[in-house]
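Structure file target.cif (mmCIF, N, CA and C atoms) follows.
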data_run
loop_
_atom_site.label_atom_id
_atom_site.label_comp_id
_atom_site.auth_asym_id
_atom_site.auth_seq_id
_atom_site.Cartn_x
_atom_site.Cartn_y
_atom_site.Cartn_z
N MET K 3 75.36 65.27 115.62
CA MET K 3 74.62 64.59 114.58
C MET K 3 74.88 65.31 113.26
N ARG K 4 75.01 64.56 112.19
CA ARG K 4 75.17 65.12 110.85
C ARG K 4 73.79 65.15 110.20
N VAL K 5 73.41 66.33 109.65
CA VAL K 5 72.08 66.52 109.09
C VAL K 5 72.20 67.04 107.66
N LEU K 6 71.40 66.49 106.76
CA LEU K 6 71.31 66.99 105.39
C LEU K 6 69.95 67.65 105.23
N VAL K 7 69.94 68.92 104.82
CA VAL K 7 68.70 69.64 104.54
C VAL K 7 68.69 69.92 103.04
N PHE K 8 67.65 69.45 102.38
CA PHE K 8 67.50 69.66 100.94
C PHE K 8 66.39 70.68 100.74
N HIS K 9 66.77 71.89 100.35
CA HIS K 9 65.80 72.96 100.10
C HIS K 9 66.08 73.47 98.69
N GLY K 10 65.17 73.28 97.77
CA GLY K 10 65.40 73.61 96.37
C GLY K 10 65.36 75.09 96.04
N TYR K 11 65.30 75.94 97.04
CA TYR K 11 65.14 77.37 96.77
C TYR K 11 66.18 78.18 97.52
N LEU K 12 65.87 79.43 97.82
CA LEU K 12 66.81 80.33 98.46
C LEU K 12 66.66 80.31 99.97
N LEU K 13 67.49 81.10 100.64
CA LEU K 13 67.43 81.18 102.10
C LEU K 13 66.99 82.57 102.56
N HIS K 14 66.81 83.47 101.63
CA HIS K 14 66.33 84.82 101.91
C HIS K 14 64.93 84.96 101.33
N GLY K 15 64.17 85.91 101.83
CA GLY K 15 62.85 86.17 101.26
C GLY K 15 61.74 85.85 102.23
N THR K 16 60.89 84.91 101.84
CA THR K 16 59.70 84.61 102.63
C THR K 16 59.48 83.10 102.74
N GLY K 17 58.48 82.72 103.50
CA GLY K 17 57.98 81.34 103.56
C GLY K 17 59.02 80.30 103.90
N SER K 18 59.06 79.26 103.07
CA SER K 18 59.95 78.13 103.34
C SER K 18 61.42 78.54 103.29
N ASN K 19 61.74 79.61 102.57
CA ASN K 19 63.12 80.09 102.55
C ASN K 19 63.56 80.50 103.95
N VAL K 20 62.75 81.31 104.60
CA VAL K 20 63.06 81.79 105.95
C VAL K 20 63.02 80.62 106.93
N TYR K 21 62.03 79.75 106.78
CA TYR K 21 61.91 78.58 107.67
C TYR K 21 63.18 77.75 107.63
N ASN K 22 63.65 77.41 106.42
CA ASN K 22 64.83 76.56 106.30
C ASN K 22 66.08 77.25 106.80
N ALA K 23 66.22 78.54 106.57
CA ALA K 23 67.38 79.28 107.09
C ALA K 23 67.37 79.24 108.62
N ARG K 24 66.23 79.46 109.23
CA ARG K 24 66.15 79.45 110.70
C ARG K 24 66.33 78.05 111.27
N LEU K 25 65.81 77.05 110.56
CA LEU K 25 65.99 75.66 110.99
C LEU K 25 67.47 75.30 111.02
N VAL K 26 68.17 75.61 109.94
CA VAL K 26 69.60 75.29 109.87
C VAL K 26 70.38 76.08 110.91
N ALA K 27 70.06 77.36 111.08
CA ALA K 27 70.75 78.16 112.10
C ALA K 27 70.55 77.54 113.49
N ALA K 28 69.36 77.07 113.78
CA ALA K 28 69.08 76.44 115.07
C ALA K 28 69.86 75.14 115.23
N LEU K 29 69.90 74.32 114.19
CA LEU K 29 70.65 73.06 114.25
C LEU K 29 72.14 73.31 114.48
N VAL K 30 72.69 74.30 113.77
CA VAL K 30 74.09 74.65 113.95
C VAL K 30 74.31 75.16 115.38
N GLY K 31 73.38 75.97 115.87
CA GLY K 31 73.48 76.50 117.23
C GLY K 31 73.45 75.41 118.28
N LEU K 32 72.82 74.29 117.97
CA LEU K 32 72.78 73.16 118.90
C LEU K 32 74.00 72.25 118.77
N GLY K 33 74.91 72.61 117.84
CA GLY K 33 76.15 71.85 117.70
C GLY K 33 76.15 70.79 116.62
N HIS K 34 75.12 70.75 115.80
CA HIS K 34 75.06 69.74 114.74
C HIS K 34 75.86 70.18 113.52
N GLU K 35 76.31 69.22 112.74
CA GLU K 35 76.98 69.47 111.47
C GLU K 35 75.89 69.42 110.39
N VAL K 36 75.71 70.53 109.67
CA VAL K 36 74.62 70.60 108.70
C VAL K 36 75.17 70.78 107.29
N HIS K 37 74.61 70.00 106.37
CA HIS K 37 74.92 70.11 104.95
C HIS K 37 73.62 70.51 104.28
N LEU K 38 73.63 71.67 103.63
CA LEU K 38 72.42 72.28 103.10
C LEU K 38 72.53 72.46 101.60
N LEU K 39 71.64 71.80 100.87
CA LEU K 39 71.57 71.95 99.43
C LEU K 39 70.49 72.97 99.12
N CYS K 40 70.84 74.07 98.45
CA CYS K 40 69.85 75.10 98.13
C CYS K 40 70.32 75.91 96.93
N GLN K 41 69.56 76.91 96.55
CA GLN K 41 69.87 77.75 95.39
C GLN K 41 70.28 79.17 95.76
N ASP K 42 70.48 79.45 97.03
CA ASP K 42 70.78 80.82 97.45
C ASP K 42 72.07 81.30 96.80
N ARG K 43 72.04 82.50 96.25
CA ARG K 43 73.20 83.06 95.57
C ARG K 43 74.16 83.77 96.52
N GLU K 44 73.72 84.05 97.74
CA GLU K 44 74.57 84.77 98.69
C GLU K 44 74.52 84.14 100.08
N PRO K 45 74.80 82.84 100.19
CA PRO K 45 74.74 82.21 101.51
C PRO K 45 75.83 82.74 102.46
N GLU K 46 76.88 83.32 101.88
CA GLU K 46 77.96 83.86 102.70
C GLU K 46 77.46 84.96 103.63
N ASP K 47 76.33 85.59 103.30
CA ASP K 47 75.76 86.66 104.12
C ASP K 47 75.15 86.14 105.42
N LEU K 48 74.94 84.85 105.51
CA LEU K 48 74.29 84.27 106.68
C LEU K 48 75.35 83.82 107.69
N SER K 49 75.21 84.27 108.92
CA SER K 49 76.23 84.04 109.94
C SER K 49 76.47 82.57 110.27
N PHE K 50 75.50 81.70 110.00
CA PHE K 50 75.66 80.28 110.34
C PHE K 50 76.33 79.47 109.24
N VAL K 51 76.57 80.06 108.07
CA VAL K 51 77.20 79.36 106.94
C VAL K 51 78.71 79.49 107.06
N ASP K 52 79.40 78.35 107.13
CA ASP K 52 80.85 78.34 107.30
C ASP K 52 81.61 77.94 106.04
N ALA K 53 80.92 77.32 105.07
CA ALA K 53 81.56 76.90 103.82
C ALA K 53 80.50 76.86 102.72
N VAL K 54 80.96 77.09 101.48
CA VAL K 54 80.05 77.11 100.34
C VAL K 54 80.64 76.24 99.23
N GLY K 55 79.81 75.32 98.73
CA GLY K 55 80.24 74.45 97.64
C GLY K 55 79.45 74.74 96.38
N ASN K 56 80.17 74.83 95.25
CA ASN K 56 79.55 75.05 93.95
C ASN K 56 80.01 73.96 93.00
N TRP K 57 79.14 73.60 92.06
CA TRP K 57 79.52 72.67 91.01
C TRP K 57 79.88 73.50 89.80
N ASP K 58 81.17 73.77 89.64
CA ASP K 58 81.65 74.54 88.50
C ASP K 58 82.19 73.57 87.46
N GLY K 59 81.55 73.55 86.30
CA GLY K 59 81.97 72.63 85.25
C GLY K 59 81.79 71.18 85.63
N GLY K 60 80.85 70.90 86.54
CA GLY K 60 80.55 69.53 86.92
C GLY K 60 81.34 69.02 88.11
N ALA K 61 82.35 69.78 88.55
CA ALA K 61 83.15 69.35 89.70
C ALA K 61 82.81 70.20 90.93
N LEU K 62 82.71 69.55 92.08
CA LEU K 62 82.40 70.26 93.31
C LEU K 62 83.64 70.94 93.85
N ALA K 63 83.51 72.25 94.12
CA ALA K 63 84.58 73.03 94.75
C ALA K 63 83.99 73.68 96.00
N VAL K 64 84.57 73.38 97.17
CA VAL K 64 84.08 73.92 98.44
C VAL K 64 85.06 74.97 98.94
N ARG K 65 84.52 76.13 99.28
CA ARG K 65 85.32 77.25 99.81
C ARG K 65 84.96 77.43 101.29
N THR K 66 85.96 77.32 102.16
CA THR K 66 85.75 77.50 103.59
C THR K 66 85.80 78.98 103.93
N LEU K 67 84.77 79.45 104.62
CA LEU K 67 84.70 80.85 105.04
C LEU K 67 85.31 81.04 106.41
N ARG K 68 85.09 80.06 107.30
CA ARG K 68 85.61 80.11 108.67
C ARG K 68 85.64 78.71 109.25
N GLU K 69 86.48 78.55 110.24
CA GLU K 69 86.61 77.28 110.97
C GLU K 69 86.06 77.46 112.38
N PRO K 70 85.51 76.46 113.00
CA PRO K 70 85.24 75.15 112.43
C PRO K 70 84.05 75.21 111.48
N VAL K 71 84.04 74.32 110.51
CA VAL K 71 82.93 74.27 109.56
C VAL K 71 81.80 73.47 110.20
N ARG K 72 80.70 74.15 110.48
CA ARG K 72 79.51 73.51 111.06
C ARG K 72 78.39 73.42 110.04
N CYS K 73 78.40 74.36 109.08
CA CYS K 73 77.37 74.36 108.03
C CYS K 73 78.00 74.62 106.68
N THR K 74 77.79 73.68 105.76
CA THR K 74 78.24 73.84 104.38
C THR K 74 77.01 73.93 103.49
N VAL K 75 76.95 74.96 102.66
CA VAL K 75 75.88 75.14 101.69
C VAL K 75 76.40 74.65 100.34
N TYR K 76 75.63 73.80 99.68
CA TYR K 76 75.96 73.29 98.35
C TYR K 76 74.96 73.87 97.36
N ARG K 77 75.47 74.42 96.25
CA ARG K 77 74.60 75.06 95.26
C ARG K 77 74.80 74.45 93.88
N PRO K 78 73.90 73.58 93.44
CA PRO K 78 73.98 73.09 92.06
C PRO K 78 73.71 74.24 91.10
N ASP K 79 74.38 74.23 89.97
CA ASP K 79 74.16 75.26 88.95
C ASP K 79 72.91 74.91 88.15
N ILE K 80 71.84 75.65 88.37
CA ILE K 80 70.60 75.39 87.62
C ILE K 80 70.39 76.42 86.52
N GLY K 81 71.33 77.32 86.34
CA GLY K 81 71.15 78.38 85.35
C GLY K 81 70.44 79.56 85.98
N ASP K 82 69.80 80.37 85.16
CA ASP K 82 69.16 81.59 85.65
C ASP K 82 67.68 81.43 85.96
N LEU K 83 67.09 80.30 85.58
CA LEU K 83 65.66 80.09 85.80
C LEU K 83 65.43 79.22 87.03
N LEU K 84 64.60 79.72 87.95
CA LEU K 84 64.24 78.97 89.15
C LEU K 84 62.74 78.73 89.14
N PRO K 85 62.31 77.49 88.86
CA PRO K 85 60.89 77.18 88.93
C PRO K 85 60.42 77.26 90.39
N VAL K 86 59.32 77.96 90.62
CA VAL K 86 58.81 78.15 91.99
C VAL K 86 57.32 77.82 92.05
N TYR K 87 56.84 77.62 93.26
CA TYR K 87 55.42 77.37 93.46
C TYR K 87 54.65 78.67 93.63
N VAL K 88 55.29 79.66 94.22
CA VAL K 88 54.67 80.96 94.47
C VAL K 88 55.54 82.03 93.83
N ALA K 89 54.93 82.90 93.04
CA ALA K 89 55.68 83.96 92.37
C ALA K 89 56.35 84.86 93.40
N ASP K 90 57.62 85.16 93.15
CA ASP K 90 58.39 86.04 94.02
C ASP K 90 59.52 86.62 93.19
N ARG K 91 60.18 87.64 93.70
CA ARG K 91 61.30 88.27 92.98
C ARG K 91 62.58 88.04 93.76
N TYR K 92 63.63 87.67 93.05
CA TYR K 92 64.94 87.46 93.64
C TYR K 92 65.98 88.09 92.74
N ALA K 93 66.95 88.77 93.34
CA ALA K 93 68.02 89.41 92.57
C ALA K 93 68.85 88.36 91.84
N GLY K 94 69.06 88.57 90.56
CA GLY K 94 69.91 87.70 89.77
C GLY K 94 69.30 86.39 89.33
N ILE K 95 68.02 86.17 89.63
CA ILE K 95 67.36 84.91 89.28
C ILE K 95 66.00 85.21 88.68
N GLU K 96 65.67 84.50 87.63
CA GLU K 96 64.32 84.59 87.07
C GLU K 96 63.48 83.50 87.74
N ALA K 97 62.65 83.89 88.68
CA ALA K 97 61.78 82.95 89.39
C ALA K 97 60.40 82.98 88.74
N ARG K 98 59.99 81.83 88.21
CA ARG K 98 58.68 81.76 87.55
C ARG K 98 57.90 80.57 88.07
N PRO K 99 56.59 80.74 88.30
CA PRO K 99 55.77 79.64 88.79
C PRO K 99 55.72 78.46 87.80
N PHE K 100 55.69 77.27 88.35
CA PHE K 100 55.61 76.05 87.53
C PHE K 100 54.51 76.11 86.47
N PRO K 101 53.28 76.56 86.80
CA PRO K 101 52.24 76.55 85.79
C PRO K 101 52.54 77.44 84.57
N ASP K 102 53.46 78.40 84.75
CA ASP K 102 53.82 79.31 83.66
C ASP K 102 54.97 78.78 82.81
N LEU K 103 55.49 77.60 83.15
CA LEU K 103 56.65 77.05 82.45
C LEU K 103 56.27 75.83 81.63
N SER K 104 56.93 75.69 80.50
CA SER K 104 56.75 74.50 79.68
C SER K 104 57.70 73.41 80.18
N ASP K 105 57.46 72.17 79.76
CA ASP K 105 58.37 71.08 80.11
C ASP K 105 59.77 71.37 79.59
N ALA K 106 59.86 72.00 78.42
CA ALA K 106 61.16 72.32 77.83
C ALA K 106 61.93 73.32 78.69
N GLU K 107 61.24 74.13 79.48
CA GLU K 107 61.91 75.08 80.37
C GLU K 107 62.28 74.42 81.71
N VAL K 108 61.43 73.51 82.19
CA VAL K 108 61.67 72.88 83.48
C VAL K 108 62.71 71.77 83.38
N ASP K 109 62.66 70.96 82.33
CA ASP K 109 63.54 69.79 82.22
C ASP K 109 65.03 70.10 82.37
N PRO K 110 65.56 71.18 81.76
CA PRO K 110 66.99 71.46 81.95
C PRO K 110 67.36 71.76 83.40
N THR K 111 66.43 72.35 84.15
CA THR K 111 66.70 72.63 85.56
C THR K 111 66.90 71.33 86.31
N TRP K 112 66.01 70.36 86.11
CA TRP K 112 66.14 69.08 86.80
C TRP K 112 67.38 68.33 86.32
N ALA K 113 67.68 68.43 85.03
CA ALA K 113 68.86 67.74 84.50
C ALA K 113 70.15 68.29 85.12
N ARG K 114 70.19 69.60 85.39
CA ARG K 114 71.38 70.21 86.01
C ARG K 114 71.45 69.92 87.51
N THR K 115 70.30 69.77 88.16
CA THR K 115 70.27 69.60 89.62
C THR K 115 70.50 68.15 90.03
N SER K 116 69.93 67.20 89.34
CA SER K 116 69.98 65.80 89.78
C SER K 116 71.38 65.22 89.90
N PRO K 117 72.24 65.33 88.89
CA PRO K 117 73.57 64.71 89.05
C PRO K 117 74.37 65.27 90.22
N PRO K 118 74.44 66.60 90.43
CA PRO K 118 75.19 67.07 91.61
C PRO K 118 74.60 66.58 92.92
N CYS K 119 73.30 66.50 93.01
CA CYS K 119 72.67 66.03 94.24
C CYS K 119 73.08 64.58 94.51
N ALA K 120 73.08 63.78 93.48
CA ALA K 120 73.44 62.37 93.63
C ALA K 120 74.91 62.21 93.99
N ARG K 121 75.76 63.16 93.53
CA ARG K 121 77.19 63.09 93.81
C ARG K 121 77.60 63.83 95.08
N SER K 122 76.65 64.44 95.77
CA SER K 122 76.98 65.17 96.99
C SER K 122 77.72 64.25 97.95
N PRO K 123 78.80 64.74 98.57
CA PRO K 123 79.55 63.88 99.47
C PRO K 123 78.75 63.43 100.69
N HIS K 124 77.60 64.05 100.92
CA HIS K 124 76.81 63.70 102.09
C HIS K 124 75.42 63.19 101.71
N ALA K 125 75.25 62.83 100.45
CA ALA K 125 73.97 62.27 100.02
C ALA K 125 73.77 60.91 100.67
N PRO K 126 72.55 60.64 101.14
CA PRO K 126 72.29 59.32 101.72
C PRO K 126 72.54 58.22 100.71
N ARG K 127 73.08 57.11 101.15
CA ARG K 127 73.34 55.95 100.30
C ARG K 127 72.49 54.80 100.82
N PRO K 128 71.75 54.13 99.93
CA PRO K 128 70.92 53.02 100.39
C PRO K 128 71.78 51.89 100.95
N THR K 129 71.34 51.34 102.08
CA THR K 129 72.02 50.19 102.67
C THR K 129 71.22 48.92 102.45
N SER K 130 69.95 49.08 102.10
CA SER K 130 69.11 47.95 101.75
C SER K 130 67.98 48.51 100.88
N PRO K 131 67.25 47.65 100.17
CA PRO K 131 66.19 48.15 99.30
C PRO K 131 65.12 48.96 100.03
N SER K 132 64.96 48.76 101.32
CA SER K 132 63.87 49.44 102.03
C SER K 132 64.35 50.49 103.02
N ARG K 133 65.66 50.73 103.10
CA ARG K 133 66.14 51.64 104.11
C ARG K 133 67.29 52.50 103.59
N THR K 134 67.26 53.79 103.88
CA THR K 134 68.33 54.68 103.50
C THR K 134 68.95 55.27 104.76
N THR K 135 70.27 55.23 104.84
CA THR K 135 70.98 55.79 105.99
C THR K 135 72.18 56.56 105.50
N TRP K 136 72.83 57.23 106.42
CA TRP K 136 74.08 57.93 106.10
C TRP K 136 75.14 56.92 106.07
#

As structure tokens - that is how I would like this structure written.
Amino acid sequence: MRVLVFHGYLLHGTGSNVYNARLVAALVGLGHEVHLLCQDREPEDLSFVDAVGNWDGGALAVRTLREPVRCTVYRPDIGDLLPVYVADRYAGIEARPFPDLSDAEVDPTWARTSPPCARSPHAPRPTSPSRTTW
């Protein structure tokens, strides 16, 4: 089965980050093909990640780490600011809670994330007005 996991944050740390990393590792371990959209800066450190895609200059470039590719991580470029729900510290990223951010700070993040997500080669495409499938 091909699975898309959309996690707007990292794969290291606490909470939903750890949950999503373990979920994807389990799916890969069961033989599924997983496409994971997240913000992790070092997904190569995770044993279940076989390829990493970045949007450099608006174009997707995927680098294969090992074959067969069972899990590809896609990372939209959101800049250095990561809006979060719970304050936490991450190397190389300024993570700030939503209530501490102005619309002018949040809007560029969404503007950078939305187009790559829509152009993802594995993004669901609507087949009818009421149903979305792969």

Those of chain K in DSSP strand (DSSP E), formatted as a PDB file with N, CA and C atoms, keeping the file's coordinate frame:
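Wrote it out as out.pdb, contents follow:
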ATOM      1  N   ARG K   4      75.010  64.560 112.190  1.00  0.00           N
ATOM      2  CA  ARG K   4      75.170  65.120 110.850  1.00  0.00           C
ATOM      3  C   ARG K   4      73.790  65.150 110.200  1.00  0.00           C
ATOM      4  N   VAL K   5      73.410  66.330 109.650  1.00  0.00           N
ATOM      5  CA  VAL K   5      72.080  66.520 109.090  1.00  0.00           C
ATOM      6  C   VAL K   5      72.200  67.040 107.660  1.00  0.00           C
ATOM      7  N   LEU K   6      71.400  66.490 106.760  1.00  0.00           N
ATOM      8  CA  LEU K   6      71.310  66.990 105.390  1.00  0.00           C
ATOM      9  C   LEU K   6      69.950  67.650 105.230  1.00  0.00           C
ATOM     10  N   VAL K   7      69.940  68.920 104.820  1.00  0.00           N
ATOM     11  CA  VAL K   7      68.700  69.640 104.540  1.00  0.00           C
ATOM     12  C   VAL K   7      68.690  69.920 103.040  1.00  0.00           C
ATOM     13  N   PHE K   8      67.650  69.450 102.380  1.00  0.00           N
ATOM     14  CA  PHE K   8      67.500  69.660 100.940  1.00  0.00           C
ATOM     15  C   PHE K   8      66.390  70.680 100.740  1.00  0.00           C
ATOM     16  N   GLU K  35      76.310  69.220 112.740  1.00  0.00           N
ATOM     17  CA  GLU K  35      76.980  69.470 111.470  1.00  0.00           C
ATOM     18  C   GLU K  35      75.890  69.420 110.390  1.00  0.00           C
ATOM     19  N   VAL K  36      75.710  70.530 109.670  1.00  0.00           N
ATOM     20  CA  VAL K  36      74.620  70.600 108.700  1.00  0.00           C
ATOM     21  C   VAL K  36      75.170  70.780 107.290  1.00  0.00           C
ATOM     22  N   HIS K  37      74.610  70.000 106.370  1.00  0.00           N
ATOM     23  CA  HIS K  37      74.920  70.110 104.950  1.00  0.00           C
ATOM     24  C   HIS K  37      73.620  70.510 104.280  1.00  0.00           C
ATOM     25  N   LEU K  38      73.630  71.670 103.630  1.00  0.00           N
ATOM     26  CA  LEU K  38      72.420  72.280 103.100  1.00  0.00           C
ATOM     27  C   LEU K  38      72.530  72.460 101.600  1.00  0.00           C
ATOM     28  N   LEU K  39      71.640  71.800 100.870  1.00  0.00           N
ATOM     29  CA  LEU K  39      71.570  71.950  99.430  1.00  0.00           C
ATOM     30  C   LEU K  39      70.490  72.970  99.120  1.00  0.00           C
ATOM     31  N   ALA K  53      80.920  77.320 105.070  1.00  0.00           N
ATOM     32  CA  ALA K  53      81.560  76.900 103.820  1.00  0.00           C
ATOM     33  C   ALA K  53      80.500  76.860 102.720  1.00  0.00           C
ATOM     34  N   VAL K  54      80.960  77.090 101.480  1.00  0.00           N
ATOM     35  CA  VAL K  54      80.050  77.110 100.340  1.00  0.00           C
ATOM     36  C   VAL K  54      80.640  76.240  99.230  1.00  0.00           C
ATOM     37  N   GLY K  55      79.810  75.320  98.730  1.00  0.00           N
ATOM     38  CA  GLY K  55      80.240  74.450  97.640  1.00  0.00           C
ATOM     39  C   GLY K  55      79.450  74.740  96.380  1.00  0.00           C
ATOM     40  N   ASN K  56      80.170  74.830  95.250  1.00  0.00           N
ATOM     41  CA  ASN K  56      79.550  75.050  93.950  1.00  0.00           C
ATOM     42  C   ASN K  56      80.010  73.960  93.000  1.00  0.00           C
ATOM     43  N   TRP K  57      79.140  73.600  92.060  1.00  0.00           N
ATOM     44  CA  TRP K  57      79.520  72.670  91.010  1.00  0.00           C
ATOM     45  C   TRP K  57      79.880  73.500  89.800  1.00  0.00           C
ATOM     46  N   ASP K  58      81.170  73.770  89.640  1.00  0.00           N
ATOM     47  CA  ASP K  58      81.650  74.540  88.500  1.00  0.00           C
ATOM     48  C   ASP K  58      82.190  73.570  87.460  1.00  0.00           C
ATOM     49  N   ALA K  61      82.350  69.780  88.550  1.00  0.00           N
ATOM     50  CA  ALA K  61      83.150  69.350  89.700  1.00  0.00           C
ATOM     51  C   ALA K  61      82.810  70.200  90.930  1.00  0.00           C
ATOM     52  N   LEU K  62      82.710  69.550  92.080  1.00  0.00           N
ATOM     53  CA  LEU K  62      82.400  70.260  93.310  1.00  0.00           C
ATOM     54  C   LEU K  62      83.640  70.940  93.850  1.00  0.00           C
ATOM     55  N   ALA K  63      83.510  72.250  94.120  1.00  0.00           N
ATOM     56  CA  ALA K  63      84.580  73.030  94.750  1.00  0.00           C
ATOM     57  C   ALA K  63      83.990  73.680  96.000  1.00  0.00           C
ATOM     58  N   VAL K  64      84.570  73.380  97.170  1.00  0.00           N
ATOM     59  CA  VAL K  64      84.080  73.920  98.440  1.00  0.00           C
ATOM     60  C   VAL K  64      85.060  74.970  98.940  1.00  0.00           C
ATOM     61  N   ARG K  65      84.520  76.130  99.280  1.00  0.00           N
ATOM     62  CA  ARG K  65      85.320  77.250  99.810  1.00  0.00           C
ATOM     63  C   ARG K  65      84.960  77.430 101.290  1.00  0.00           C
ATOM     64  N   THR K  66      85.960  77.320 102.160  1.00  0.00           N
ATOM     65  CA  THR K  66      85.750  77.500 103.590  1.00  0.00           C
ATOM     66  C   THR K  66      85.800  78.980 103.930  1.00  0.00           C
ATOM     67  N   CYS K  73      78.400  74.360 109.080  1.00  0.00           N
ATOM     68  CA  CYS K  73      77.370  74.360 108.030  1.00  0.00           C
ATOM     69  C   CYS K  73      78.000  74.620 106.680  1.00  0.00           C
ATOM     70  N   THR K  74      77.790  73.680 105.760  1.00  0.00           N
ATOM     71  CA  THR K  74      78.240  73.840 104.380  1.00  0.00           C
ATOM     72  C   THR K  74      77.010  73.930 103.490  1.00  0.00           C
ATOM     73  N   VAL K  75      76.950  74.960 102.660  1.00  0.00           N
ATOM     74  CA  VAL K  75      75.880  75.140 101.690  1.00  0.00           C
ATOM     75  C   VAL K  75      76.400  74.650 100.340  1.00  0.00           C
ATOM     76  N   TYR K  76      75.630  73.800  99.680  1.00  0.00           N
ATOM     77  CA  TYR K  76      75.960  73.290  98.350  1.00  0.00           C
ATOM     78  C   TYR K  76      74.960  73.870  97.360  1.00  0.00           C
ATOM     79  N   ARG K  77      75.470  74.420  96.250  1.00  0.00           N
ATOM     80  CA  ARG K  77      74.600  75.060  95.260  1.00  0.00           C
ATOM     81  C   ARG K  77      74.800  74.450  93.880  1.00  0.00           C
ATOM     82  N   LEU K  83      67.090  80.300  85.580  1.00  0.00           N
ATOM     83  CA  LEU K  83      65.660  80.090  85.800  1.00  0.00           C
ATOM     84  C   LEU K  83      65.430  79.220  87.030  1.00  0.00           C
ATOM     85  N   LEU K  84      64.600  79.720  87.950  1.00  0.00           N
ATOM     86  CA  LEU K  84      64.240  78.970  89.150  1.00  0.00           C
ATOM     87  C   LEU K  84      62.740  78.730  89.140  1.00  0.00           C
ATOM     88  N   PRO K  85      62.310  77.490  88.860  1.00  0.00           N
ATOM     89  CA  PRO K  85      60.890  77.180  88.930  1.00  0.00           C
ATOM     90  C   PRO K  85      60.420  77.260  90.390  1.00  0.00           C
ATOM     91  N   VAL K  86      59.320  77.960  90.620  1.00  0.00           N
ATOM     92  CA  VAL K  86      58.810  78.150  91.990  1.00  0.00           C
ATOM     93  C   VAL K  86      57.320  77.820  92.050  1.00  0.00           C
ATOM     94  N   GLU K  96      65.670  84.500  87.630  1.00  0.00           N
ATOM     95  CA  GLU K  96      64.320  84.590  87.070  1.00  0.00           C
ATOM     96  C   GLU K  96      63.480  83.500  87.740  1.00  0.00           C
ATOM     97  N   ALA K  97      62.650  83.890  88.680  1.00  0.00           N
ATOM     98  CA  ALA K  97      61.780  82.950  89.390  1.00  0.00           C
ATOM     99  C   ALA K  97      60.400  82.980  88.740  1.00  0.00           C
ATOM    100  N   ARG K  98      59.990  81.830  88.210  1.00  0.00           N
ATOM    101  CA  ARG K  98      58.680  81.760  87.550  1.00  0.00           C
ATOM    102  C   ARG K  98      57.900  80.570  88.070  1.00  0.00           C
ATOM    103  N   PRO K  99      56.590  80.740  88.300  1.00  0.00           N
ATOM    104  CA  PRO K  99      55.770  79.640  88.790  1.00  0.00           C
ATOM    105  C   PRO K  99      55.720  78.460  87.800  1.00  0.00           C
ATOM    106  N   ARG K 127      73.080  57.110 101.150  1.00  0.00           N
ATOM    107  CA  ARG K 127      73.340  55.950 100.300  1.00  0.00           C
ATOM    108  C   ARG K 127      72.490  54.800 100.820  1.00  0.00           C
ATOM    109  N   PRO K 128      71.750  54.130  99.930  1.00  0.00           N
ATOM    110  CA  PRO K 128      70.920  53.020 100.390  1.00  0.00           C
ATOM    111  C   PRO K 128      71.780  51.890 100.950  1.00  0.00           C
ATOM    112  N   THR K 129      71.340  51.340 102.080  1.00  0.00           N
ATOM    113  CA  THR K 129      72.020  50.190 102.670  1.00  0.00           C
ATOM    114  C   THR K 129      71.220  48.920 102.450  1.00  0.00           C
ATOM    115  N   SER K 130      69.950  49.080 102.100  1.00  0.00           N
ATOM    116  CA  SER K 130      69.110  47.950 101.750  1.00  0.00           C
ATOM    117  C   SER K 130      67.980  48.510 100.880  1.00  0.00           C
ATOM    118  N   ARG K 133      65.660  50.730 103.100  1.00  0.00           N
ATOM    119  CA  ARG K 133      66.140  51.640 104.110  1.00  0.00           C
ATOM    120  C   ARG K 133      67.290  52.500 103.590  1.00  0.00           C
ATOM    121  N   THR K 134      67.260  53.790 103.880  1.00  0.00           N
ATOM    122  CA  THR K 134      68.330  54.680 103.500  1.00  0.00           C
ATOM    123  C   THR K 134      68.950  55.270 104.760  1.00  0.00           C
ATOM    124  N   THR K 135      70.270  55.230 104.840  1.00  0.00           N
ATOM    125  CA  THR K 135      70.980  55.790 105.990  1.00  0.00           C
ATOM    126  C   THR K 135      72.180  56.560 105.500  1.00  0.00           C
TER     127      THR K 135
END

Original post:
For the atom pair atom C of Phe100 (chain K) and atom C of Thr16 (chain K), what is the interatomic distance in Å to one decimal place?
Top reply: 18.4 Å

**OP:** Check which residues satisfy the PyMOL selection byres ((chain K and resi 29-39) around 8) in the file shown, then give them as a ChimeraX atom specification.
**Re:** /K:3-11,23-28,40-42,50,71-78,119,124

**OP:** Per DSSP on the backbone, filter chain K down to the residues in helix (DSSP H, G or I) and report them as a PyMOL selection string.
**Re:** chain K and resi 18-31+45-47+100-102+105-121

Original post:
Just how far from atom N of Leu67 (chain K) is atom N of Val86 (chain K), in Å to one decimal?
Top reply: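 About the pair atom N of Val86 (chain K) and atom N of Leu67 (chain K): they are 29.1 Å apart.
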
**OP:** Just give me the gap between atom C of Arg91 (chain K) and CA of Asn56 (chain K) in Å, one decimal is fine.
**Re:** 21.4 Å

**OP:** Let me know the residues the PyMOL selection byres (((chain K and resi 68 and name CA) around 9) and name CA) catches in the file above, as number ranges by chain.
**Re:** K: 51-53, 66-67, 69-71

Could you write those residues out with N, CA and C atoms, as a short mmCIF file (atom, residue, chain, number, x, y, z; two decimals), in the coordinates of the input?
data_model
loop_
_atom_site.label_atom_id
_atom_site.label_comp_id
_atom_site.auth_asym_id
_atom_site.auth_seq_id
_atom_site.Cartn_x
_atom_site.Cartn_y
_atom_site.Cartn_z
N VAL K 51 76.57 80.06 108.07
CA VAL K 51 77.20 79.36 106.94
C VAL K 51 78.71 79.49 107.06
N ASP K 52 79.40 78.35 107.13
CA ASP K 52 80.85 78.34 107.30
C ASP K 52 81.61 77.94 106.04
N ALA K 53 80.92 77.32 105.07
CA ALA K 53 81.56 76.90 103.82
C ALA K 53 80.50 76.86 102.72
N THR K 66 85.96 77.32 102.16
CA THR K 66 85.75 77.50 103.59
C THR K 66 85.80 78.98 103.93
N LEU K 67 84.77 79.45 104.62
CA LEU K 67 84.70 80.85 105.04
C LEU K 67 85.31 81.04 106.41
N GLU K 69 86.48 78.55 110.24
CA GLU K 69 86.61 77.28 110.97
C GLU K 69 86.06 77.46 112.38
N PRO K 70 85.51 76.46 113.00
CA PRO K 70 85.24 75.15 112.43
C PRO K 70 84.05 75.21 111.48
N VAL K 71 84.04 74.32 110.51
CA VAL K 71 82.93 74.27 109.56
C VAL K 71 81.80 73.47 110.20
#
